[in-house]
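Take a look at the structure below.
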Amino acid sequence: MPEYGLPGVAADRTRARTLGLVLVALVVVVALVTGLYRGLRSEDGLRITLRTEQIGDGVTEGTQVRVDGVLAGEVTAIAPDERGTQRIDLRLDADALPGIDDSLRLDYAPANLFGISELELLRGPGGAPLRAGTVVDLTGPRAGDVYDATMGAILRSLSQVGETAFSPRLATVIAQISADVQAFTPLVQALITVARTIADHQTMPASELLGNLGPAFDGGGEFAGATIRILDQFHDIRILRTDQDRYDVGVGALTGSILPGLATTVSTAGEELAEATDMLAPMLDVLAQMVPRPAQSGAELRELLGRLRAAMPETPDGPVLNLEVELAHVPGVAVPLLGGAR
């Protein structure tokens with residue numbers, strides 16, 4: 001095989017082969033170092049295990065773990081555990097866990113508006129520090145420390161609320177409320193009409209009306225003062241302060257004997273006089289027929305009383321009839337009485 005070369009380059013087959021072997025070895029070393037570094041790096045962090053009775057929707061391997069909204073690790077594995085529980089393995093950044101110990105609380109929460117789930121670690125009342133391999137048991141008495149706030153849990157809660165709230169009974173209540181509100185429609189319409197009428201005919205500004213209305217409340221202070229004085233007078237009644245027992249006896253007699261007796265008397269009188277009231281109706285009916293035109297009768301009666309009052313003026317000796325008698329054509333009476341005079 002002929003030898004090929006480049007002008008100005010001193011290279012032969014042996015040197016090229018050696019250079020190729022060196023390059024291959026260098027690539028292999030770089031690959032080994034990279035793999036070893038990744039392997040060692042994957043082991044970095046604090047590995048703990050959470051044992052829970054439920055897994056939030058959308059929580060899988062690789063789900064992010066946050067503390068106070070800051071990324072603190074991820075879920076490395078999820079597997080079933082004994083007695084129907086679940087085992088969640090976490091790899092956490094020890095520097096991103098301020099105040100987190102084995103009394104921690106766990107929230108399954110949505111990470112964004114699209115409903116992607118994540119784990120939120122919350123601080124507990126205090127406990128032992130977390131160490132590599134720590135198993136935090138969130139079952140049994142501590143099951144309440146796990147809260148599922150994922151989008152799936154929210155939708156399930158809404159559906160349950162809908163099934164419970166939107167029942168036939170609720171429809172009946174809504175219909176009843178609608179009917180009751182509709183009954184107030186005439187009143188609302190009347191109020192609107194009154195308000196529109198006031199707005200159309202009001203010529204004085206509201207400020208002036210309120211200013212004129214203010215003096216009407218001037219007597220409010222005097223009324224309050226008089227009320228307080230009356231209460232004070234009740235308080236100053238001597239018998240209330242010196243002879244309370246006697247006052248109580250009087251009140252007891254009033255409420256226990258007098259008022260019940262009066263109620264019995266009135267009730268008996270009402271029963272006994274019921275027939276008498278039935279007799280009054282025909283009598284009043286006849287009286288009403290005697291005065292068919294009350295307005296005209298009233299005017300005539302006022303006129304008659306006025307004329308009687310004018311005919312009998314008041315004198316020192318009392319009312320005297322003011323009367324003139326014409327006897328000019330009756331000489332038989334006029335001559336003896338008046339001597340022929342009028």
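Following the order of the structure tokens, first chain is A, next is B, and so on, with residues numbered from 1 inside each chain and ligands from 1 in the order they appear.
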
Give the strand (DSSP E) residues of range 168-326 of chain A, as assigned by DSSP on the backbone, as an MDAnalysis selection string.
chainID A and resid 314:315 318:319

Requested write-out: N, CA and C atoms of the selected residues, as an mmCIF file, in the first residue's frame:
data_model
loop_
_atom_site.group_PDB
_atom_site.id
_atom_site.type_symbol
_atom_site.label_atom_id
_atom_site.label_comp_id
_atom_site.auth_asym_id
_atom_site.auth_seq_id
_atom_site.Cartn_x
_atom_site.Cartn_y
_atom_site.Cartn_z
ATOM 1 N N GLU A 314 -128.069 87.302 75.414
ATOM 2 C CA GLU A 314 -127.729 87.255 76.832
ATOM 3 C C GLU A 314 -127.979 88.618 77.469
ATOM 4 N N THR A 315 -128.600 88.595 78.656
ATOM 5 C CA THR A 315 -128.834 89.809 79.450
ATOM 6 C C THR A 315 -128.353 89.549 80.870
ATOM 7 N N GLY A 318 -130.105 86.837 82.349
ATOM 8 C CA GLY A 318 -130.105 85.591 81.605
ATOM 9 C C GLY A 318 -130.621 85.787 80.197
ATOM 10 N N PRO A 319 -130.754 84.758 79.414
ATOM 11 C CA PRO A 319 -131.270 84.868 78.043
ATOM 12 C C PRO A 319 -132.706 85.341 78.040
#

Residue neighbourhood range 126-142 of chain A, 6 Å, only C-alpha atoms, exclusion window fewer than 6 positions, as a PyMOL selection string:
chain A and resi 46-53+101-103

Please report, as a ChimeraX atom specification, each residue of range 91-143 of chain A to which DSSP assigns helix (DSSP H, G or I) when run on this structure's backbone.
/A:94-96,140-143

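The space between CA of Asp81 in chain A and CA of Ala96 in chain A spans 27.7 Å.
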
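CA of Ala183 in chain A is positioned 22.8 Å from CA of Pro168 in chain A.
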
What's around Gly73 in chain A at 7 Å? Count only C-alpha atoms, leave out sequence neighbours fewer than 4 positions away in its own chain, and write the answer as a compact mmCIF listing (two decimals) with N, CA and C atoms, in the first residue's frame.
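File written: out.txt
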# COMPACT_ATOMS: atom_id res chain seq x y z
N GLN A 64 -41.40 17.62 42.01
CA GLN A 64 -40.57 18.54 42.77
C GLN A 64 -41.06 18.64 44.22
N VAL A 65 -40.10 18.90 45.10
CA VAL A 65 -40.38 19.11 46.52
C VAL A 65 -39.94 20.53 46.86
N ARG A 66 -40.81 21.29 47.52
CA ARG A 66 -40.50 22.67 47.84
C ARG A 66 -40.69 22.93 49.33
N ARG A 91 -35.19 12.89 47.70
CA ARG A 91 -33.81 13.35 47.76
C ARG A 91 -33.86 14.87 47.93
N LEU A 92 -33.35 15.36 49.07
CA LEU A 92 -33.49 16.76 49.43
C LEU A 92 -32.14 17.42 49.54
N ASP A 93 -32.17 18.73 49.36
CA ASP A 93 -30.98 19.56 49.57
C ASP A 93 -30.97 19.98 51.04
